[in-house]
>>> print(open('upload-v8.csv').read())   # CSV, C-alpha atoms
chain,number,residue,atom,x,y,z
A,1,MET,CA,27.1,19.1,-5.9
A,2,SER,CA,30.8,18.2,-6.7
A,3,THR,CA,32.5,15.8,-4.3
A,4,GLN,CA,36.0,16.5,-5.6
A,5,PRO,CA,38.0,19.0,-3.6
A,6,VAL,CA,38.8,22.3,-5.4
A,7,SER,CA,42.3,22.5,-3.8
A,8,GLN,CA,45.3,21.1,-5.5
A,9,SER,CA,47.2,18.4,-3.6
A,10,LEU,CA,50.0,19.9,-1.4
A,11,GLN,CA,52.3,17.1,-2.5
A,12,ARG,CA,52.2,17.9,-6.2
A,13,ARG,CA,54.9,17.6,-8.9
A,14,SER,CA,56.9,20.5,-10.3
A,15,SER,CA,54.6,22.9,-12.2
A,16,ARG,CA,57.3,23.7,-14.8
A,17,THR,CA,56.8,27.4,-14.3
A,18,VAL,CA,60.3,28.4,-15.6
A,19,PRO,CA,60.1,26.6,-19.1
A,20,ALA,CA,56.5,27.7,-19.4
A,21,ALA,CA,57.3,31.4,-18.7
A,22,ALA,CA,60.3,31.3,-21.0
A,23,THR,CA,58.4,29.7,-23.9
A,24,SER,CA,55.5,32.1,-23.5
A,25,LEU,CA,57.9,35.1,-23.5
A,26,VAL,CA,59.6,33.8,-26.8
A,27,LEU,CA,56.1,33.4,-28.4
A,28,LEU,CA,55.1,36.9,-27.2
A,29,VAL,CA,58.2,38.5,-28.7
A,30,LEU,CA,57.9,36.7,-32.0
A,31,ALA,CA,54.2,37.6,-32.2
A,32,GLY,CA,55.0,41.2,-31.3
A,33,LEU,CA,57.5,41.5,-34.1
A,34,ALA,CA,55.0,40.0,-36.6
A,35,ILE,CA,52.3,42.4,-35.4
A,36,TRP,CA,54.7,45.3,-35.8
A,37,GLY,CA,55.6,44.3,-39.4
A,38,ALA,CA,52.0,43.7,-40.4
A,39,VAL,CA,50.8,47.0,-39.0
A,40,ALA,CA,53.7,48.8,-40.7
A,41,TYR,CA,52.8,47.2,-44.1
A,42,LEU,CA,49.0,47.9,-43.7
A,43,ALA,CA,49.7,51.5,-42.7
A,44,GLY,CA,52.6,52.4,-45.0
A,45,GLY,CA,52.5,49.8,-47.8
A,46,ALA,CA,56.0,48.5,-47.0
A,47,TRP,CA,57.5,46.0,-44.6
A,48,PRO,CA,59.9,47.3,-41.9
A,49,GLY,CA,63.6,47.1,-42.6
A,50,PHE,CA,64.3,44.2,-40.4
A,51,ILE,CA,61.7,42.0,-42.1
A,52,VAL,CA,63.0,43.0,-45.6
A,53,ALA,CA,66.5,42.2,-44.5
A,54,SER,CA,65.4,38.8,-43.1
A,55,GLY,CA,63.5,38.0,-46.3
A,56,ASP,CA,66.6,38.8,-48.4
A,57,ALA,CA,68.8,36.7,-46.1
A,58,VAL,CA,66.7,33.5,-46.5
A,59,ARG,CA,66.1,34.0,-50.3
A,60,GLY,CA,67.9,31.4,-52.3
A,61,LEU,CA,68.7,29.2,-49.2
A,62,THR,CA,68.8,25.6,-50.1
A,63,TRP,CA,67.8,22.8,-47.8
A,64,ASN,CA,71.4,21.6,-47.2
A,65,ASN,CA,72.5,25.1,-46.2
A,66,PRO,CA,74.4,25.1,-42.9
A,67,GLY,CA,71.9,27.6,-41.5
A,68,VAL,CA,69.0,25.4,-42.3
A,69,TRP,CA,70.8,22.5,-40.6
A,70,ALA,CA,71.4,24.6,-37.6
A,71,VAL,CA,67.8,25.8,-37.2
A,72,SER,CA,66.5,22.3,-37.7
A,73,VAL,CA,68.8,20.8,-35.1
A,74,VAL,CA,68.1,23.6,-32.6
A,75,ALA,CA,64.3,23.0,-33.2
A,76,LEU,CA,64.8,19.3,-32.6
A,77,LEU,CA,66.8,19.8,-29.4
A,78,ALA,CA,64.3,22.4,-28.1
A,79,GLY,CA,61.5,20.0,-28.8
A,80,VAL,CA,63.2,17.2,-26.9
A,81,PHE,CA,63.9,19.5,-24.0
A,82,LEU,CA,60.3,20.8,-23.8
A,83,LEU,CA,58.9,17.2,-24.2
A,84,PHE,CA,61.0,16.1,-21.2
A,85,ALA,CA,59.8,19.1,-19.2
A,86,ALA,CA,56.2,18.2,-20.1
A,87,VAL,CA,56.4,14.5,-19.5
A,88,LEU,CA,58.9,13.9,-16.7
A,89,PRO,CA,57.2,14.2,-13.3
A,90,GLY,CA,59.9,16.3,-11.6
A,91,ARG,CA,60.4,16.6,-7.8
A,92,ARG,CA,57.6,16.7,-5.4
A,93,THR,CA,56.9,19.9,-3.5
A,94,GLY,CA,57.0,18.1,-0.1
A,95,ALA,CA,56.9,14.9,1.9
A,96,ALA,CA,53.7,13.4,3.3
A,97,ILE,CA,53.1,13.1,7.0
A,98,THR,CA,50.7,10.5,8.3
A,99,GLY,CA,49.1,11.3,11.7
A,100,SER,CA,47.3,9.1,14.0
A,101,SER,CA,44.1,11.2,13.4
A,102,SER,CA,44.5,11.4,9.7
A,103,THR,CA,41.4,10.7,7.6
A,104,GLY,CA,40.9,10.5,3.9
A,105,LEU,CA,40.0,14.2,3.9
A,106,THR,CA,43.2,15.3,5.6
A,107,GLU,CA,46.4,16.0,3.8
A,108,THR,CA,49.5,16.8,5.8
A,109,VAL,CA,52.8,17.7,4.1
A,110,ILE,CA,56.1,19.1,5.1
A,111,SER,CA,57.8,21.3,2.5
A,112,ARG,CA,61.2,20.3,1.1
A,113,ARG,CA,62.8,23.3,2.8
A,114,GLY,CA,61.1,22.4,6.1
A,115,LEU,CA,62.4,18.8,5.9
A,116,ALA,CA,65.9,20.1,5.2
A,117,ARG,CA,65.8,22.5,8.2
A,118,LEU,CA,64.4,19.8,10.4
A,119,ALA,CA,67.3,17.5,9.5
A,120,ALA,CA,69.9,20.1,9.9
A,121,ALA,CA,68.6,21.3,13.3
A,122,HIS,CA,68.4,17.7,14.5
A,123,ALA,CA,71.9,16.9,13.4
A,124,ASP,CA,73.1,20.0,15.1
A,125,GLN,CA,72.1,18.6,18.5
A,126,THR,CA,74.4,15.6,18.1
A,127,ASP,CA,77.5,15.7,20.3
A,128,GLY,CA,80.6,16.5,18.3
A,129,VAL,CA,78.8,18.4,15.5
A,130,GLU,CA,79.9,22.0,15.0
A,131,SER,CA,77.6,22.9,12.2
A,132,SER,CA,75.3,21.2,9.7
A,133,SER,CA,73.4,21.8,6.5
A,134,ALA,CA,70.9,19.7,4.6
A,135,THR,CA,69.1,19.5,1.3
A,136,ALA,CA,66.0,17.5,0.8
A,137,SER,CA,63.8,16.1,-2.0
A,138,GLY,CA,60.5,14.5,-1.3
A,139,LYS,CA,62.2,11.1,-0.9
A,140,SER,CA,65.7,11.7,0.4
A,141,VAL,CA,67.7,14.0,2.7
A,142,SER,CA,71.4,14.7,2.4
A,143,VAL,CA,73.1,16.1,5.4
A,144,VAL,CA,76.6,17.5,5.6
A,145,VAL,CA,78.1,18.0,9.1
A,146,SER,CA,81.3,19.6,10.3
A,147,THR,CA,83.1,18.3,13.3
A,148,SER,CA,86.2,19.2,15.1
A,149,LEU,CA,86.8,15.6,16.1
A,150,ASN,CA,90.0,14.2,14.5
A,151,GLU,CA,88.4,10.8,14.2
A,152,PRO,CA,84.7,11.1,13.6
A,153,GLY,CA,84.3,7.3,14.1
A,154,SER,CA,80.6,6.3,14.0
A,155,LEU,CA,79.3,9.9,13.9
A,156,SER,CA,77.9,9.5,10.4
A,157,ARG,CA,76.1,6.3,11.4
A,158,ASP,CA,74.8,7.8,14.6
A,159,ILE,CA,73.4,10.9,12.9
A,160,LYS,CA,71.8,8.7,10.2
A,161,GLU,CA,70.1,6.4,12.7
A,162,SER,CA,69.0,9.4,14.8
A,163,LEU,CA,67.5,11.2,11.8
A,164,GLU,CA,65.7,8.1,10.6
A,165,GLU,CA,64.2,7.7,14.0
A,166,LYS,CA,63.2,11.4,14.1
A,167,PHE,CA,61.5,11.1,10.7
A,168,ARG,CA,59.6,8.0,11.9
A,169,THR,CA,58.5,10.0,15.0
A,170,VAL,CA,57.4,12.9,12.9
A,171,GLY,CA,55.3,10.4,10.8
A,172,LEU,CA,56.9,10.9,7.4
A,173,THR,CA,55.5,8.3,5.1
A,174,PRO,CA,57.5,6.8,3.4
A,175,THR,CA,60.6,7.6,5.6
A,176,PRO,CA,63.1,9.6,3.4
A,177,ARG,CA,66.4,8.0,2.7
A,178,VAL,CA,69.1,9.7,4.7
A,179,SER,CA,72.7,10.2,3.7
A,180,VAL,CA,75.2,11.9,6.0
A,181,ARG,CA,78.7,13.3,5.1
A,182,VAL,CA,81.1,14.3,7.8
A,183,ARG,CA,83.7,16.9,7.3
A,184,SER,CA,86.4,17.0,9.9
A,185,SER,CA,87.9,20.4,10.6
A,186,GLY,CA,90.3,19.1,13.1
B,1,MET,CA,49.3,27.4,-0.2
B,2,ARG,CA,49.0,29.3,-3.5
B,3,GLU,CA,48.2,27.1,-6.5
B,4,THR,CA,50.1,26.9,-9.8
B,5,ALA,CA,49.2,26.1,-13.4
B,6,GLY,CA,51.0,22.8,-13.5
B,7,ARG,CA,48.6,20.9,-15.8
B,8,LEU,CA,48.2,23.9,-18.2
B,9,ASN,CA,52.0,24.2,-18.5
B,10,ARG,CA,52.6,20.6,-19.2
B,11,ALA,CA,49.9,20.4,-21.8
B,12,TRP,CA,51.1,23.4,-23.8
B,13,LEU,CA,54.7,22.5,-23.4
B,14,ALA,CA,53.9,19.1,-24.9
B,15,VAL,CA,52.0,20.6,-27.8
B,16,ILE,CA,54.8,23.1,-28.6
B,17,ALA,CA,57.4,20.3,-28.2
B,18,VAL,CA,55.6,18.1,-30.8
B,19,VAL,CA,55.4,21.0,-33.2
B,20,LEU,CA,59.2,21.7,-32.8
B,21,LEU,CA,60.0,18.0,-33.1
B,22,LEU,CA,58.0,17.7,-36.4
B,23,ALA,CA,59.5,20.9,-37.8
B,24,GLY,CA,63.0,20.1,-36.8
B,25,GLY,CA,62.7,16.5,-37.9
B,26,ALA,CA,61.4,17.5,-41.3
B,27,GLY,CA,64.2,20.0,-41.7
B,28,VAL,CA,66.9,17.4,-40.9
B,29,LEU,CA,65.3,14.8,-43.2
B,30,LEU,CA,65.1,17.3,-46.1
B,31,ALA,CA,68.6,18.8,-45.5
B,32,SER,CA,70.2,15.4,-45.4
B,33,GLY,CA,68.3,13.9,-48.3
B,34,LEU,CA,66.9,11.1,-46.1
B,35,GLY,CA,63.4,12.3,-46.7
B,36,LYS,CA,63.7,11.6,-50.4
B,37,ASP,CA,65.2,8.2,-49.8
B,38,LEU,CA,62.6,7.2,-47.3
B,39,ALA,CA,59.7,8.4,-49.6
B,40,ALA,CA,61.2,6.4,-52.5
B,41,ALA,CA,61.6,3.3,-50.3
B,42,ALA,CA,58.0,3.6,-49.2
B,43,ASN,CA,56.7,4.2,-52.7
B,44,LEU,CA,55.0,7.4,-51.7
B,45,ALA,CA,53.5,9.6,-54.4
B,46,LEU,CA,54.7,12.7,-52.6
B,47,VAL,CA,58.3,13.5,-53.6
B,48,PRO,CA,60.1,15.5,-51.0
B,49,ALA,CA,62.5,18.3,-52.0
B,50,ALA,CA,66.1,17.4,-52.7
B,51,PRO,CA,68.8,18.9,-50.4
B,52,GLU,CA,70.0,21.2,-53.2
B,53,ASN,CA,66.5,22.5,-53.9
B,54,PRO,CA,65.7,26.0,-52.6
B,55,VAL,CA,63.7,26.3,-49.3
B,56,PHE,CA,61.4,29.0,-50.9
B,57,ALA,CA,60.2,28.8,-54.5
B,58,GLY,CA,60.5,32.6,-54.8
B,59,PRO,CA,61.1,35.7,-52.6
B,60,PRO,CA,59.4,34.7,-49.3
B,61,LEU,CA,57.8,38.1,-48.7
B,62,ASP,CA,56.1,38.2,-52.1
B,63,ALA,CA,53.4,35.8,-51.0
B,64,VAL,CA,52.2,38.0,-48.2
B,65,SER,CA,53.0,41.4,-49.6
B,66,ASN,CA,49.4,42.3,-50.1
B,67,PRO,CA,46.7,43.6,-47.7
B,68,VAL,CA,45.0,40.2,-47.3
B,69,GLY,CA,48.3,38.5,-46.5
B,70,ALA,CA,49.4,41.2,-44.0
B,71,ALA,CA,45.9,41.1,-42.4
B,72,LEU,CA,46.1,37.4,-42.0
B,73,ILE,CA,49.6,37.7,-40.4
B,74,LEU,CA,48.2,40.4,-38.1
B,75,ALA,CA,45.3,38.3,-37.0
B,76,GLY,CA,47.4,35.2,-36.4
B,77,ALA,CA,50.1,37.1,-34.6
B,78,ALA,CA,47.5,38.9,-32.4
B,79,LEU,CA,45.9,35.5,-31.5
B,80,ILE,CA,49.3,34.0,-30.6
B,81,ALA,CA,50.2,37.1,-28.6
B,82,LEU,CA,47.0,37.0,-26.6
B,83,LEU,CA,47.4,33.3,-25.9
B,84,ALA,CA,51.0,33.8,-24.9
B,85,LEU,CA,50.1,36.7,-22.6
B,86,SER,CA,47.3,34.6,-21.0
B,87,TRP,CA,49.7,31.7,-20.5
B,88,LEU,CA,52.3,34.1,-18.9
B,89,GLY,CA,49.7,35.5,-16.6
B,90,ALA,CA,48.7,32.0,-15.5
B,91,GLN,CA,52.2,31.5,-14.0
B,92,ILE,CA,51.2,33.8,-11.1
B,93,PRO,CA,50.3,31.6,-8.2
B,94,ARG,CA,46.7,32.0,-7.2
B,95,ARG,CA,45.1,31.8,-3.8
B,96,HIS,CA,41.7,30.7,-5.1
B,97,GLN,CA,40.0,31.8,-1.9
B,98,ALA,CA,36.3,31.2,-1.4
B,99,SER,CA,34.0,34.1,-2.2
B,100,THR,CA,31.7,35.5,0.5
B,101,LEU,CA,30.3,32.7,2.6
B,102,ARG,CA,26.5,32.6,2.6
B,103,LEU,CA,25.7,31.0,5.9
B,104,HIS,CA,21.9,31.5,5.8
B,105,SER,CA,19.6,28.6,5.1
B,106,ASP,CA,16.2,28.3,3.4
B,107,HIS,CA,17.2,30.8,0.8
B,108,GLY,CA,17.3,33.6,3.4
B,109,ARG,CA,13.7,33.3,4.5
B,110,ASP,CA,14.7,34.4,8.0
B,111,GLY,CA,17.4,36.8,6.9
B,112,TYR,CA,20.8,36.7,5.2
B,113,THR,CA,24.0,35.9,7.0
B,114,ARG,CA,27.2,36.6,5.1
B,115,CYS,CA,30.8,36.2,6.2
B,116,GLU,CA,34.0,37.1,4.5
B,117,PRO,CA,36.3,34.0,4.4
B,118,ARG,CA,39.2,36.2,5.5
B,119,VAL,CA,37.4,36.6,8.9
B,120,VAL,CA,37.1,32.9,9.4
B,121,ALA,CA,40.6,32.2,8.2
B,122,ASP,CA,42.1,34.8,10.6
B,123,ALA,CA,40.3,33.2,13.5
B,124,VAL,CA,41.6,29.8,12.6
B,125,ALA,CA,45.1,31.1,12.1
B,126,HIS,CA,45.1,32.7,15.6
B,127,GLU,CA,43.9,29.4,17.1
B,128,VAL,CA,46.6,27.5,15.4
B,129,GLU,CA,49.3,30.0,16.5
B,130,ALA,CA,48.3,29.4,20.1
B,131,LEU,CA,49.3,25.7,19.8
B,132,PRO,CA,52.5,24.6,21.5
B,133,GLY,CA,55.5,24.7,19.1
B,134,VAL,CA,53.8,26.8,16.5
B,135,THR,CA,55.6,30.1,15.6
B,136,SER,CA,53.2,31.3,12.9
B,137,ALA,CA,50.3,30.2,10.9
B,138,SER,CA,48.1,31.3,8.0
B,139,ALA,CA,44.8,29.9,6.8
B,140,LEU,CA,42.8,30.0,3.6
B,141,ILE,CA,39.2,28.9,3.1
B,142,ARG,CA,38.4,27.5,-0.3
B,143,GLY,CA,35.2,26.1,-1.7
B,144,SER,CA,31.8,27.4,-0.4
B,145,ALA,CA,29.8,27.7,2.8
B,146,ASN,CA,28.3,24.3,2.2
B,147,GLN,CA,31.5,22.6,1.1
B,148,PRO,CA,34.4,24.4,2.7
B,149,GLU,CA,38.0,23.4,2.5
B,150,LEU,CA,40.7,24.5,5.0
B,151,ASN,CA,44.3,25.1,3.9
B,152,LEU,CA,46.8,25.8,6.6
B,153,ASP,CA,50.4,27.0,6.4
B,154,VAL,CA,52.0,26.2,9.7
B,155,LYS,CA,55.5,27.1,10.8
B,156,VAL,CA,56.8,25.2,13.8
B,157,GLU,CA,60.0,25.1,15.8
B,158,ASP,CA,62.5,22.4,15.0
B,159,ARG,CA,61.8,20.8,18.4
B,160,ALA,CA,58.1,20.9,18.1
B,161,ASP,CA,56.0,17.7,18.4
B,162,ILE,CA,54.6,17.7,14.9
B,163,GLN,CA,52.3,14.8,15.6
B,164,ASP,CA,50.8,16.7,18.6
B,165,VAL,CA,50.2,19.8,16.5
B,166,ILE,CA,48.5,17.6,13.8
B,167,SER,CA,46.4,16.0,16.4
B,168,ARG,CA,45.3,19.3,17.9
B,169,ILE,CA,44.5,20.8,14.5
B,170,ASN,CA,42.4,17.8,13.5
B,171,GLY,CA,40.8,17.4,16.9
B,172,GLU,CA,40.2,21.0,18.1
B,173,VAL,CA,40.8,23.6,15.3
B,174,THR,CA,38.9,21.8,12.6
B,175,ALA,CA,36.1,20.8,15.0
B,176,ASN,CA,35.7,24.5,16.0
B,177,LEU,CA,35.6,25.6,12.4
B,178,GLU,CA,33.0,22.9,11.5
B,179,THR,CA,30.9,24.1,14.5
B,180,ALA,CA,31.1,27.7,13.3
B,181,LEU,CA,30.2,26.9,9.7
B,182,GLU,CA,27.7,24.1,10.8
B,183,VAL,CA,29.0,21.8,8.0
B,184,PRO,CA,31.8,19.3,7.9
B,185,LEU,CA,35.0,20.3,6.1
B,186,ARG,CA,35.4,18.7,2.6
B,187,LYS,CA,39.2,18.8,2.9
B,188,VAL,CA,41.8,19.8,5.4
B,189,ALA,CA,45.3,20.4,4.0
B,190,VAL,CA,48.2,21.4,6.3
B,191,LEU,CA,51.6,22.4,5.0
B,192,PHE,CA,54.3,22.4,7.6
B,193,ASN,CA,57.5,24.4,7.5
B,194,ILE,CA,60.3,24.7,10.1
B,195,SER,CA,60.9,28.1,11.5
B,196,THR,CA,64.4,29.3,12.4
B,197,GLN,CA,62.8,31.4,15.2
B,198,ARG,CA,61.8,30.3,18.6
B,199,GLY,CA,58.1,30.5,19.4
B,200,ASN,CA,56.5,31.7,22.6
B,201,ASP,CA,59.3,30.6,24.9
B,202,LYS,CA,60.1,33.1,27.6
B,203,ALA,CA,63.4,33.0,29.3
B,204,ALA,CA,63.4,33.3,33.1
B,205,VAL,CA,66.5,34.7,34.7
B,206,LEU,CA,66.8,33.3,38.2
>>> encode(input="upload-v8.csv", output="structure tokens")
Amino acid sequence: MSTQPVSQSLQRRSSRTVPAAATSLVLLVLAGLAIWGAVAYLAGGAWPGFIVASGDAVRGLTWNNPGVWAVSVVALLAGVFLLFAAVLPGRRTGAAITGSSSTGLTETVISRRGLARLAAAHADQTDGVESSSATASGKSVSVVVSTSLNEPGSLSRDIKESLEEKFRTVGLTPTPRVSVRVRSSG
Amino acid sequence: MRETAGRLNRAWLAVIAVVLLLAGGAGVLLASGLGKDLAAAANLALVPAAPENPVFAGPPLDAVSNPVGAALILAGAALIALLALSWLGAQIPRRHQASTLRLHSDHGRDGYTRCEPRVVADAVAHEVEALPGVTSASALIRGSANQPELNLDVKVEDRADIQDVISRINGEVTANLETALEVPLRKVAVLFNISTQRGNDKAAVL
């Protein structure tokens, strides 16, 4: 019997759904046009108008034609973009939490959105903060707070230290890097 | 909790990227004349086309304007369309829930005991939702009756003691599930999210 879990890790890298869906749609459209043309030829003995027009357009093209240059460069750029999408790891879906009762069979993760909400809610409780918002990756959290204080003083440092302590208490491993920006509305 | 086709996507994106890079690279080398220079420098027997040469030797449609050519195009395009459709369908996140749990032993000599994983998952979710600080929870059972895996999606308040929730899930919830299924869990995965709602707090007006 297999000893490997069937479930994917919760803390996985980006699955590249958007470039995959876009690429598969392009392939589907091109294949659809080719099927349409082939069926029309087999049924009626003649290619559809748009295929005949395309054939006439490329007849006589030389390799140094600007159109050939353009298609080649676009293909190169698209290849580079897709290769980066395939190879680069991308952002993780969440941050790992280590609990005192964690075992090798347990995986506990907080989502990026959850981490951002936690940071914003915690920063909101700081004296002098009117409102706060946060964004998070798996490794870092950026918080922007608004305050009516004319001189925020050490507010940014206080919030940063408080958040780092909160993340240690929650058990985030490793503790995300925290950056705090204070906007004074006073 | 739903799973995505990350590995499949990256594999196919890499294959298509290599094809595009080769085609685009070949086009640039031939259009610029570098291909001819490189082949001459490497003493290759193959002589690439010069930049002023035509891309197609004759009308491009002539080669396939016959029943065999059109049939080949139809077959190839149909294959690509099916693969592309299958790839597109794989983008839908899947639950991969376990099928009906067969809890009987000895090949059912004393009778068959079957349980839908949804029943077990709902019971686990209710138990988790009763924990302090938890606003909502959903559970998913994967694997099989002999090697079950528990996936939990837990929403907690921002003030909740997450370590306490983790400790209770590992100590009580999973223990109860293992007792019910009579086997240890192969994996427990818990995904936390922070809810903007308050949980079971009730305000008392004095």
>>> residues_around(input="upload-v8.csv", residues="B:Arg142", least_positions_apart="5", cutoff="6 Å", atoms="all atoms listed in the file", output="JSON, numbers by chain")
{"B": [97, 98, 148, 149]}
>>> interface_residues(input="upload-v8.csv", of="chain B", to="chain A", cutoff="6 Å", atoms="all atoms listed in the file", output="MDAnalysis selection string")
chainID B and resid 6 9:10 13:14 17 20:21 24 27:28 31 51:55 59 70 74 77 81 84 88 158 162 187:194
>>> residues_around(input="upload-v8.csv", residues="A:Ser156", least_positions_apart="2", cutoff="7 Å", atoms="only C-alpha atoms", output="list in words")
Ser154, Asp158, Ile159, Lys160, Val180, Arg181 and Val182 of chain A
>>> write_last_selection(input="upload-v8.csv", atoms="C-alpha atoms", output="PDB file, keeping the file's coordinate frame")
ATOM      1  CA  SER A 154      80.600   6.300  14.000  1.00  0.00           C
ATOM      2  CA  ASP A 158      74.800   7.800  14.600  1.00  0.00           C
ATOM      3  CA  ILE A 159      73.400  10.900  12.900  1.00  0.00           C
ATOM      4  CA  LYS A 160      71.800   8.700  10.200  1.00  0.00           C
ATOM      5  CA  VAL A 180      75.200  11.900   6.000  1.00  0.00           C
ATOM      6  CA  ARG A 181      78.700  13.300   5.100  1.00  0.00           C
ATOM      7  CA  VAL A 182      81.100  14.300   7.800  1.00  0.00           C
TER       8      VAL A 182
END
>>> residues_around(input="upload-v8.csv", residues="stretch 139-148 of chain A", least_positions_apart="4", cutoff="6 Å", atoms="only C-alpha atoms", output="list in words")
Gly128, Val129, Glu130, Ser131, Ser132, Ser133, Ala134, Thr135, Pro176, Arg177, Val178, Ser179, Val180, Arg181, Val182, Arg183, Ser184, Ser185 and Gly186 of chain A
>>> residues_around(input="upload-v8.csv", residues="A:Ser162", least_positions_apart="4", cutoff="9 Å", atoms="only C-alpha atoms", output="MDAnalysis selection string")
chainID A and resid 122:123 126 157:158 166:167
>>> atom_distance(input="upload-v8.csv", atom1="atom CA of B:Leu131", atom2="atom CA of B:Val165")
6.8 Å
>>> atom_distance(input="upload-v8.csv", atom1="atom CA of B:Ala78", atom2="atom CA of B:Gly58")
26.7 Å
>>> decode(input="upload-v8.csv", residues="stretch 85-106 of chain B", atoms="N, CA and C atoms", output="CSV table (one decimal), in the first residue's frame")
chain,number,residue,atom,x,y,z
B,85,LEU,N,-8.5,20.8,-25.0
B,85,LEU,CA,-9.7,20.8,-24.3
B,85,LEU,C,-9.5,20.1,-22.9
B,86,SER,N,-8.8,19.0,-23.0
B,86,SER,CA,-8.5,18.2,-21.8
B,86,SER,C,-7.6,19.1,-20.8
B,87,TRP,N,-6.7,19.8,-21.4
B,87,TRP,CA,-5.8,20.7,-20.5
B,87,TRP,C,-6.6,21.8,-19.9
B,88,LEU,N,-7.6,22.4,-20.7
B,88,LEU,CA,-8.4,23.4,-20.2
B,88,LEU,C,-9.3,22.9,-19.0
B,89,GLY,N,-9.8,21.7,-19.2
B,89,GLY,CA,-10.7,21.1,-18.2
B,89,GLY,C,-9.9,20.8,-16.9
B,90,ALA,N,-8.6,20.5,-17.0
B,90,ALA,CA,-7.8,20.2,-15.9
B,90,ALA,C,-7.6,21.5,-15.0
B,91,GLN,N,-7.9,22.7,-15.5
B,91,GLN,CA,-7.7,23.9,-14.7
B,91,GLN,C,-8.8,24.0,-13.6
B,92,ILE,N,-9.9,23.3,-13.8
B,92,ILE,CA,-10.9,23.3,-12.7
B,92,ILE,C,-10.4,22.7,-11.5
B,93,PRO,N,-10.3,23.4,-10.3
B,93,PRO,CA,-9.8,22.8,-9.1
B,93,PRO,C,-10.7,21.6,-8.7
B,94,ARG,N,-10.0,20.5,-8.3
B,94,ARG,CA,-10.8,19.3,-7.9
B,94,ARG,C,-10.7,19.1,-6.4
B,95,ARG,N,-11.7,18.4,-5.9
B,95,ARG,CA,-11.8,18.1,-4.5
B,95,ARG,C,-11.0,16.8,-4.2
B,96,HIS,N,-11.0,15.9,-5.1
B,96,HIS,CA,-10.4,14.6,-4.9
B,96,HIS,C,-10.9,13.9,-3.6
B,97,GLN,N,-12.1,14.0,-3.4
B,97,GLN,CA,-12.7,13.4,-2.2
B,97,GLN,C,-12.6,11.9,-2.3
B,98,ALA,N,-12.5,11.2,-1.1
B,98,ALA,CA,-12.4,9.8,-1.1
B,98,ALA,C,-13.8,9.2,-1.6
B,99,SER,N,-13.8,8.0,-2.1
B,99,SER,CA,-15.0,7.4,-2.5
B,99,SER,C,-15.6,6.7,-1.2
B,100,THR,N,-16.7,6.0,-1.4
B,100,THR,CA,-17.4,5.4,-0.2
B,100,THR,C,-16.4,4.7,0.6
B,101,LEU,N,-16.4,5.0,1.9
B,101,LEU,CA,-15.5,4.3,2.9
B,101,LEU,C,-16.0,2.9,3.2
B,102,ARG,N,-15.2,1.9,3.0
B,102,ARG,CA,-15.6,0.5,3.3
B,102,ARG,C,-15.0,0.2,4.7
B,103,LEU,N,-15.8,0.2,5.7
B,103,LEU,CA,-15.3,0.1,7.1
B,103,LEU,C,-15.3,-1.3,7.6
B,104,HIS,N,-15.8,-2.3,6.7
B,104,HIS,CA,-15.9,-3.6,7.2
B,104,HIS,C,-14.5,-4.3,7.1
B,105,SER,N,-14.3,-5.3,7.9
B,105,SER,CA,-13.0,-6.1,7.8
B,105,SER,C,-13.3,-7.5,7.3
B,106,ASP,N,-12.2,-8.3,7.2
B,106,ASP,CA,-12.4,-9.7,6.8
B,106,ASP,C,-13.2,-9.9,5.5
